[in-house]
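Participant: Pasting a structure below so you can have a look.
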Amino acid sequence: MGREVVRTSGAPQAIGPYSQGVKAGGWLFLSGQIPLHPGTGKLVGDSMEEQTERVLENVKTLLAAAGMSLEDVVQCTVYMTDLSEFGSMNQVYARYFPKDPPARVTVGVASLPKGAKIEISLVAFHS
């Protein structure tokens, strides 16, 4: 049961000294994902809906690189710079987790890297 770093060019590369994800046993810990285009590293979308969708697409790609899917997610932490957009985020989020969604915490923050409106980190498990 070793520790394995998860990397994929299909999701944005880390913009600091951290890994995209780390797998240990059946657990996967994904670093926070912001709405960056995987190829350009540029921020995607002006609206909360567009940014949430980009983040969750990046998350799906990282999960796939680890041999997992959204169904394996057990906990998400959502960071938002404007909690008045909670409903907009929730509409998109619900499309990605339509049945038996994971546990979740949403936190209002003053700012996020690169001016993003949203960041999501998560923990997944696959036996």
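How things are named: the first chain in the structure tokens is A, the next is B, and so on; residues count from 1 in each chain; ligands count from 1 in the order shown.
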Find the residues near range 18-33 of chain A: any atom within 9 Å, counting only C-alpha atoms, skip ones fewer than 6 places away on the same chain, and give them as a count of residues only.
Facilitator: 32
Participant: So that I can check the surroundings of Leu43 in chain A, please list as a list in words every protein, DNA and RNA residue that reaches within 12 Å of it, counting only C-alpha atoms and ignoring chain neighbours fewer than 4 positions away.
Facilitator: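 Once the nearby chain positions are removed, what remains is Pro12, Gln33, Ile34, Pro35, Leu36, His37, Pro38, Gly39, Ser47, Glu50, Gln51, Thr52, Arg54, Val55, Leu112, Pro113, Lys114, Gly115, Ala116, Lys117, Ile118 and Glu119 of chain A.
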Participant: Among range 22-86 of chain A, which ones does DSSP place in helix (DSSP H, G or I), written as number ranges by chain?
Facilitator: A: 48-65, 70-72, 83-86
Participant: Check the DSSP output for the backbone and give back, as an MDAnalysis selection string, the residues of chain A in strand (DSSP E or B).
Facilitator: chainID A and resid 3:6 21:24 27:33 36 43 73:80 103:108 118:125
